[in-house]
Amino acid sequence: MMTLEQLYAAGRKVVIGSLTFAAEDIIQFARDFDPQPFHLDEEQARHSVFGGLCASGWHTSAGWMKCFVRFWKDEARRLAAEGLHAPRLGPSPGFRDLKWLKPVYAGDTVTYAVTLLEARALASRPGWKINTLLCEGENQHGEAVIRFESKVIEFT
């Protein structure tokens with residue numbers, strides 16, 4: 001079984017996918033999870049500090065996870081086709097420094113990426129590691145919209 005460090009050198013940024021935020025999706029997510037006026041109503045959003053309908057920060061965070069899960073499934077299939085076994089990942093014991101850097105407006109496309117920062121063996125669990133990842137997203141203009149550092153357990 002390969003390790004994350006063997007697959008992705010520390011410091012190497014890997015694009016994991018893109019997601020376009022349609023107005024309908026922004027409103028539906030807001031109805032379910034973050035019912036603030038600037039996420040729910042285009043007219044009220046125009047008169048808010050954002051000046052237009054924008055996605056909840058939690059929606060942009062969930063978009064990162066959606067892209068990562070899809071990316072990781074594709075990577076596992078790719079490696080299997082090469083006769084290799086992908087490391088088993090998850091769950092995450094947490095994240096830190098979550099920053100929503102710019103609003104994500106209706107129609108924006110966010111491209112998400114991940115960078116391995118560190119892989120640390122767990123002395124208490126032989127064969128387990130804690131990986132530290134930098135998780136990021138940029139809009140279609142190349143502007144950073146989200147950034148956070150996440151931990152993920154790796155089982156070898």
# chains A, B, ... in the order shown; residues from 1 in each chain; ligands from 1

call {"tool": "residues_around", "arguments": {"residues": "Trp64 of chain A", "least_positions_apart": "3", "cutoff": "8 Å", "atoms": "only C-alpha atoms", "output": "list in words"}}
result
Thr60, Ser61, Cys67, Phe68, Tyr112, Cys135, Glu136 and Gly137 of chain A

call {"tool": "write_last_selection", "arguments": {"atoms": "N, CA, C and O atoms", "output": "PDB file, in the first residue's frame"}}
result
ATOM      1  N   THR A  60     -19.192  26.769   0.629  1.00  0.00           N
ATOM      2  CA  THR A  60     -17.903  26.668  -0.060  1.00  0.00           C
ATOM      3  C   THR A  60     -17.022  25.608   0.595  1.00  0.00           C
ATOM      4  O   THR A  60     -16.270  24.917  -0.091  1.00  0.00           O
ATOM      5  N   SER A  61     -17.132  25.458   1.902  1.00  0.00           N
ATOM      6  CA  SER A  61     -16.394  24.403   2.610  1.00  0.00           C
ATOM      7  C   SER A  61     -16.895  23.021   2.194  1.00  0.00           C
ATOM      8  O   SER A  61     -16.093  22.114   1.935  1.00  0.00           O
ATOM      9  N   CYS A  67     -15.581  17.864  -3.725  1.00  0.00           N
ATOM     10  CA  CYS A  67     -14.540  17.672  -4.739  1.00  0.00           C
ATOM     11  C   CYS A  67     -13.468  16.706  -4.254  1.00  0.00           C
ATOM     12  O   CYS A  67     -12.977  15.874  -5.022  1.00  0.00           O
ATOM     13  N   PHE A  68     -13.093  16.791  -2.970  1.00  0.00           N
ATOM     14  CA  PHE A  68     -12.056  15.903  -2.458  1.00  0.00           C
ATOM     15  C   PHE A  68     -12.507  14.443  -2.483  1.00  0.00           C
ATOM     16  O   PHE A  68     -11.742  13.563  -2.894  1.00  0.00           O
ATOM     17  N   TYR A 112     -10.789  23.888  -6.423  1.00  0.00           N
ATOM     18  CA  TYR A 112     -10.248  23.502  -5.122  1.00  0.00           C
ATOM     19  C   TYR A 112      -8.938  22.747  -5.289  1.00  0.00           C
ATOM     20  O   TYR A 112      -8.726  22.058  -6.291  1.00  0.00           O
ATOM     21  N   CYS A 135      -5.836  23.209   2.483  1.00  0.00           N
ATOM     22  CA  CYS A 135      -6.999  23.086   1.601  1.00  0.00           C
ATOM     23  C   CYS A 135      -7.368  24.493   1.128  1.00  0.00           C
ATOM     24  O   CYS A 135      -7.480  25.410   1.943  1.00  0.00           O
ATOM     25  N   GLU A 136      -7.538  24.636  -0.188  1.00  0.00           N
ATOM     26  CA  GLU A 136      -7.744  25.968  -0.752  1.00  0.00           C
ATOM     27  C   GLU A 136      -8.775  25.944  -1.869  1.00  0.00           C
ATOM     28  O   GLU A 136      -9.036  24.893  -2.458  1.00  0.00           O
ATOM     29  N   GLY A 137      -9.305  27.121  -2.165  1.00  0.00           N
ATOM     30  CA  GLY A 137     -10.181  27.290  -3.312  1.00  0.00           C
ATOM     31  C   GLY A 137      -9.997  28.670  -3.906  1.00  0.00           C
ATOM     32  O   GLY A 137      -9.830  29.651  -3.172  1.00  0.00           O
TER      33      GLY A 137
END

call {"tool": "select_by_dssp", "arguments": {"residues": "chain A", "states": "strand (DSSP E)", "output": "PyMOL selection string"}}
result
chain A and resi 13-20+88-89+94-100+109-121+128-138+144-155

call {"tool": "write_last_selection", "arguments": {"atoms": "C-alpha atoms", "output": "compact mmCIF listing (two decimals), in the first residue's frame"}}
result
# COMPACT_ATOMS: atom_id res chain seq x y z
CA LYS A 13 -0.36 21.57 -4.75
CA VAL A 14 -2.87 19.22 -6.38
CA VAL A 15 -6.09 20.47 -7.98
CA ILE A 16 -8.96 18.24 -6.83
CA GLY A 17 -11.85 19.67 -8.84
CA SER A 18 -14.13 22.60 -9.53
CA LEU A 19 -17.65 23.50 -8.58
CA THR A 20 -19.93 26.17 -10.05
CA ARG A 88 -7.00 4.47 3.39
CA LEU A 89 -7.90 7.96 4.53
CA GLY A 94 -10.27 18.47 12.89
CA PHE A 95 -9.23 21.60 11.08
CA ARG A 96 -7.94 25.05 11.94
CA ASP A 97 -7.57 28.54 10.53
CA LEU A 98 -10.65 28.37 8.30
CA LYS A 99 -10.80 31.59 6.30
CA TRP A 100 -13.46 32.69 3.85
CA THR A 109 -16.71 28.59 -10.27
CA VAL A 110 -14.36 27.61 -7.47
CA THR A 111 -11.38 25.39 -8.20
CA TYR A 112 -10.25 23.50 -5.12
CA ALA A 113 -6.78 22.19 -4.29
CA VAL A 114 -4.94 20.32 -1.56
CA THR A 115 -1.29 20.43 -0.52
CA LEU A 116 0.30 17.90 1.81
CA LEU A 117 2.18 19.88 4.46
CA GLU A 118 3.27 17.12 6.82
CA ALA A 119 2.84 13.41 7.52
CA ARG A 120 3.48 12.30 11.08
CA ALA A 121 3.49 8.69 12.32
CA TRP A 128 -1.26 5.12 11.35
CA LYS A 129 -0.34 8.65 10.37
CA ILE A 130 -1.78 12.11 10.85
CA ASN A 131 -1.46 14.13 7.65
CA THR A 132 -1.69 17.91 7.70
CA LEU A 133 -3.22 19.35 4.54
CA LEU A 134 -3.57 22.88 3.23
CA CYS A 135 -7.00 23.09 1.60
CA GLU A 136 -7.74 25.97 -0.75
CA GLY A 137 -10.18 27.29 -3.31
CA GLU A 138 -9.89 30.00 -5.97
CA ALA A 144 -8.45 32.92 -3.17
CA VAL A 145 -11.91 32.43 -1.66
CA ILE A 146 -11.31 29.78 1.01
CA ARG A 147 -8.33 28.40 2.92
CA PHE A 148 -8.00 26.09 5.88
CA GLU A 149 -5.63 23.54 7.35
CA SER A 150 -7.02 20.05 7.91
CA LYS A 151 -5.80 16.87 9.54
CA VAL A 152 -6.62 13.47 8.11
CA ILE A 153 -5.85 10.04 9.52
CA GLU A 154 -4.09 7.61 7.20
CA PHE A 155 -4.30 3.87 7.82

call {"tool": "select_by_dssp", "arguments": {"residues": "segment 36-91 of chain A", "states": "alpha helix (DSSP H)", "output": "ChimeraX atom specification"}}
result
/A:37-40,42-46,57-81

call {"tool": "write_last_selection", "arguments": {"atoms": "C-alpha atoms", "output": "CSV table (one decimal), in the first residue's frame"}}
result
chain,number,residue,atom,x,y,z
A,37,PRO,CA,-30.9,37.1,3.7
A,38,PHE,CA,-27.8,37.5,1.5
A,39,HIS,CA,-27.8,33.7,0.9
A,40,LEU,CA,-31.6,33.4,0.4
A,42,GLU,CA,-31.2,38.1,-4.6
A,43,GLU,CA,-32.9,41.5,-3.9
A,44,GLN,CA,-32.0,41.6,-0.2
A,45,ALA,CA,-28.4,40.4,-1.1
A,46,ARG,CA,-28.0,43.4,-3.5
A,57,GLY,CA,-19.0,30.0,3.7
A,58,TRP,CA,-20.1,26.6,4.9
A,59,HIS,CA,-21.4,25.9,1.3
A,60,THR,CA,-17.9,26.7,-0.1
A,61,SER,CA,-16.4,24.4,2.6
A,62,ALA,CA,-18.8,21.6,1.7
A,63,GLY,CA,-17.8,22.1,-1.9
A,64,TRP,CA,-14.2,21.4,-1.1
A,65,MET,CA,-15.2,18.2,0.6
A,66,LYS,CA,-17.4,17.2,-2.3
A,67,CYS,CA,-14.5,17.7,-4.7
A,68,PHE,CA,-12.1,15.9,-2.5
A,69,VAL,CA,-14.2,12.8,-2.0
A,70,ARG,CA,-14.8,12.6,-5.8
A,71,PHE,CA,-11.0,13.1,-6.4
A,72,TRP,CA,-10.0,10.5,-3.9
A,73,LYS,CA,-12.4,7.9,-5.4
A,74,ASP,CA,-10.9,8.6,-8.8
A,75,GLU,CA,-7.4,8.4,-7.5
A,76,ALA,CA,-8.1,5.0,-5.8
A,77,ARG,CA,-9.4,3.7,-9.1
A,78,ARG,CA,-6.5,5.0,-11.0
A,79,LEU,CA,-4.0,3.4,-8.6
A,80,ALA,CA,-5.9,0.1,-8.7
A,81,ALA,CA,-5.7,0.1,-12.5

call {"tool": "atom_distance", "arguments": {"atom1": "atom CA of Gly11 of chain A", "atom2": "atom CA of His141 of chain A"}}
result
23.1 Å

call {"tool": "atom_distance", "arguments": {"atom1": "atom CA of Leu7 of chain A", "atom2": "atom CA of Ser124 of chain A"}}
result
24.2 Å

call {"tool": "residues_around", "arguments": {"residues": "Phe21 of chain A", "least_positions_apart": "4", "cutoff": "6 Å", "atoms": "only C-alpha atoms", "output": "tab-separated table (two decimals) with N, CA, C and O atoms, in the first residue's frame"}}
result
chain	number	residue	atom	x	y	z
A	106	ALA	N	-23.20	33.92	-6.99
A	106	ALA	CA	-23.94	33.06	-7.93
A	106	ALA	C	-23.26	33.13	-9.28
A	106	ALA	O	-22.95	34.22	-9.78
A	107	GLY	N	-22.97	31.98	-9.85
A	107	GLY	CA	-22.29	31.89	-11.13
A	107	GLY	C	-20.79	31.70	-11.03
A	107	GLY	O	-20.14	31.35	-12.02
A	108	ASP	N	-20.21	31.92	-9.87
A	108	ASP	CA	-18.77	31.72	-9.69
A	108	ASP	C	-18.43	30.23	-9.75
A	108	ASP	O	-19.20	29.39	-9.29
